[in-house]
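Comments concern the structure below.
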Amino acid sequence: MLPYRQTSPANAKIVHEGQACVVKDDNISERIYTIREGDHLVLKCLVKGHPRPQVRWTKTAGSASDKFQETSIYNETLRIEGIQRVQGGRYYCKADNGVGVAAIKSIRVDVQYLDKPVLTVHQTISDVRGSFYQEKTVFLRCTVNSNPPARFIWKRGTIPIEQSKDQGVDIYEPLYTQGETEVLKLKNLRLKDFANYTCQVSVRNVCEIPDSSVTFLLTIGTTPPALRLSVNESLVVDPGKDVTLSCEVTAGLPKPTVTWSRYLNPLPRNSLVRDGTLELRSVTPADSGFYNCTAVNNVGNPAKRSVNLLVRSMGNLTFQITPDSNKDSESIQMGRDLKLSCHVDAEPQDKVNYTWYQNAVLIYNSDSLIVLHSDPDMAPGTSSLEIVDMKFRDQATYSCVANFPGSTVPELRVDVNITQNSVTPPILTVPEGGQVVSVREGGTTDLVCLVDGKPRPPVLWSRADKDLTMPTGEWAVETRDGRLRLTNVTRDLMGAYRCQTAPYNGLNVKPRQAQVQLNVQYAPVLDPVFQDVRSPNYQFVTLRCIIQKSNPPHMASIQWTRNGEPLTSLTPNPQENPQLKFKLDPSNNGTYKCRVNNGVGSSTCTFNISSRPYNAEFYFDTPNPIRNLKGNNFSYNLQWTQREPVATDRIIGYWVNVRNILLYTFVPQIDKEPVKGGLMSYILTDLKILLSYEISLAPITTYSTGDYVSRTIKYSEPYNYPRPSDNVCGFEDKHICGFSQDRGDNFDWTRQNHLTQNPKRSSNTGPEMDRSGTKEGCYMYIEASSPRVPGDTARLLSPLYNVTAARGPKGSGHLPYCISFFYHMKGKQTGTLDVWLRVKSIASVDTKVWSLIGNQGPDWNQANIIVNPSGPFQVVFQAIRGSGYEGDIAIDDVSVTKGKCKQENSVSNTGMYVTILL
């Protein structure tokens, strides 16, 4: 057992494995992952720490925060197939294992895209109807959405337009526009201005996104669109009819494109759009709405016309009987006024015609009978009949008929018999014993309020708590007989329900109200549902089953079982939280259950009781766990900690199963006892480099063996260090051979070739082509132009190389390595190029092994450096900006090889020979 800490805080870093244009660090040490829209994003969070950290991915910026996944999987990977621009932003990987502060790493995902540009043409000031003739100013506006910002190129025909060479044009970026916009202004049109104009947009081939363009032909006849609608702006039709809406283009060159849309809703499924005509088949009331016709030819503003389509419909027809409101009466009395009201839910409401009849005879206005086609005291669309100073002759059957004149929609009719005996105020009661209704959860029940009266009105049900809706989601539910049926009742429906008479289809008087209490019974809710309890043998264990809530609260029975067998010796108090206390021994390990019943249902607390030890936890942060052995063999230093080592009986050892996936199994025993805070270790030997091994580990006590945990190991260079080889890195791959930018410098090295050079770059500085002299070949360089200032540094880090041999030949000290590269330092203000050796050990040690300053001419030169590192190392290329912008520095064809440099190149340009000992 090693005297090593049991736990280590979480550590994390983010790497990418999907499609990417580039992954770099910017000047504020922010990692940026650039990807093209539609490509696949793959981010992997590599975590360290013990216990193994849990990984959670979150995202902010660019859109609302999204929680992608929360899991304990090691090296969790986040994948987004076909990433879209709204998914750009900052992604966070949070690794937490409960030790210290959680590790949070982030990377900014920049989604690159370039849409097709839109080119529109406008006249001076506003859209003027008529042709675009000479001596008018015309604006060609080109708009595009892109990331990064696009560059615009204007062409007349095939010839680029240069503002400095043509006094008749002006090119500028307008203010207050959406997206990226550039305007080409043609001042006082000339004959040559009538031509094809192309707006070409470019993001300079970032992420290999090609340029995009759009072309417009400007002629003397160019005009904006104009439309004429075939119907009125408001159209009312009967259901079931076919409707044709036509938009005729009356002007516009180029020929406008006509589209139809519907406000807030999509076009109906049965619709057909053809040549500017919208056909709707067999319309229904659901097809009502505003339909918009739009003509676009990218000249001026689009032409628009709208039609408000109303499909006739009639819903419920209701009535109200209002006794003399001036006398505050609730009954019909001779010599007093009476009002009958009639309302129908219709579309359109203002086209409904109401007709009143008395004993089937049409009613005309008189001194005693007054018809109001729109009653101001009622809801809009309500017709009323007022009976003034009611006489015996006024006792009759009154009919209200609602219809659409000339329509095929069927009319609706309601009859009301008015006599002193036929109209009585409503009475609402709750049946005896019905004030409280009990039902089991999941069952069906009825809430009943009895209603009487002439006419008998409907009953409206609602929750007594105004903030709660009915089970249907509505605020009120109507029932004709006062009986409300509830199915699949849940406990959240428990509470008071209000019933009241509706103010329609009866007397318009103060509503009658009552309440019914719904009591939902459910089985006990217990805690814990499941608990794993471990304890040393021959100690007392107490199991508690807590009753959190129950309806009814009285417990009918409580029963404890062990492995399914009842424990008859226990007689708990049914009104208390049950508990069980006993002494654990090897014979009574097992599954204990406490079943609690309240007469409605049963619930169970389950306890898994054992003296088995908790599982071990593998340690993933072992430094250099792999050792090379003779031949093709290696050893592995397996390390782990024990979870809760003193929670059970004393652990006397561990079983380790090593199963070669292809070959064999063996089971050695490790005779070690863990202590709290101890890191256990065992060296696995005679492992074959080409094979993978599944390692299973379980703790052992005197009485039992714990659960096995498994992991897979295979040979790899420690820390995944690359091996120095004779391969030369020419930076042709976008991954630049594993080199990376230092996050602590002022700016970055840049990868480029002759084809990607900035055409406006400073002259007399920097290489024209790579070391091989090809235009396609790449190299790494620093740009000394603004915003760089004297003294700014850029550092490029090589991969980490592992030293696999401790000594050189014949005891000559540490094994030598040769660092070889080509450099280009042209310009009168060239700064300094340094090479550092960074050796990894307990702490990193940096040593300068090569340096050169100033102008070295127009050619590529080679440098070779011999170093003798004492451990894993990196090569650091540091460029320092000189006094001015004429001083770019570049490197190419870098190699790190084992052994001394070749004889002809064994002396470096500075003659430095370095041995580093730690």
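Residues are referred to by chain and number: the chain letter is A, B, ... according to the order shown in the structure tokens, the number counts from 1 in that chain, and ligands are numbered separately from 1 in the order shown.
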
| said: Going by DSSP on the backbone, which residues of segment 174-365 of chain A come out as helix (DSSP H, G or I)? List them as a list of chain:residue names. | reply: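 Filtering segment 174-365 of chain A down to helix (DSSP H, G or I) leaves A:Leu191, A:Lys192, A:Asp193, A:Val206, A:Cys207, A:Glu208, A:Pro285, A:Ala286, A:Asp287, A:Ser325, A:Asn326, A:Lys327, A:Gln349, A:Asp350, A:Lys351.
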
| query | Leaving out Arg480 of chain A and any residue of its chain fewer than 3 positions from it, which residues lie within 9 Å of it when counting only C-alpha atoms, given as a list in words? | reply | Arg456, Pro457, Pro458, Val459, Leu460 and Arg483 of chain A

| field | Among the residues A:Phe392, A:Tyr522, A:Tyr781, A:Tyr703, the one that comes closest to Ser602 of chain A [using only C-alpha atoms] | value |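 Smallest separation from Ser602 of chain A among the options: A:Tyr522.
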
| said: Neighbouring residues of segment 205-214 of chain A were defined as those with any atom within 10 Å, considering only C-alpha atoms; residues of the same chain fewer than 6 positions away were excluded. Please report them as a list in words. | reply: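 Here the qualifying residues turn out to be Ala20, Cys21, Val22, Thr34, Ile35, Arg36, Glu37, Val111, Gln112, Tyr113, Leu114, Asp115, Lys116, Pro117, Val118, Leu119, Cys142, Val144, Asn147, Pro148, Ala150, Arg151, Phe152, Ile153, Trp154, Tyr197, Thr198, Cys199 and Thr756 of chain A.
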
| message | Would you compute the distance between atom CA of Leu493 of chain A and atom CA of Met470 of chain A? Give it in Å to one decimal. | response |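 Computing the Euclidean distance for atom CA of Leu493 of chain A and atom CA of Met470 of chain A yields 8.4 Å.
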
| task | For each of A:Gln358, A:Gln548, A:Gln874, A:Ser366, take the minimum atom-to-atom distance to Val388 of chain A, counting only C-alpha atoms, then give the residue where this is smallest. | result |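 For Val388 of chain A, the nearest of the given residues is A:Ser366.
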
| request: Pick out the residues sitting within 9 Å of Val409 of chain A, and hand them over as a PyMOL selection string; count only C-alpha atoms, and ignore anything fewer than 4 positions along from it in its own chain. | output: chain A and resi 238-239+312-314+403-404

| When you draw a straight line from atom CA of Ser261 of chain A to atom CA of Gln349 of chain A, how long is it in Å? |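 Straight-line distance from atom CA of Ser261 of chain A to atom CA of Gln349 of chain A works out to 25.0 Å.
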
| query | So, counting only C-alpha atoms, which residue among A:Tyr91, A:Tyr33, A:Phe540, A:Trp560 is closest to Arg56 of chain A? | reply | A:Tyr91

| request: Compare A:Thr606, A:Thr181, A:Thr222, A:Ser704 by their minimum atom-to-atom distance to Ile652 of chain A, counting only C-alpha atoms, and give me the closest one. | output: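 Between A:Thr606, A:Thr181, A:Thr222, A:Ser704, the residue approaching Ile652 of chain A most closely is A:Ser704.
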
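Rounded to one decimal, atom CA of Glu673 of chain A and atom CA of Trp655 of chain A lie 12.3 Å from each other.
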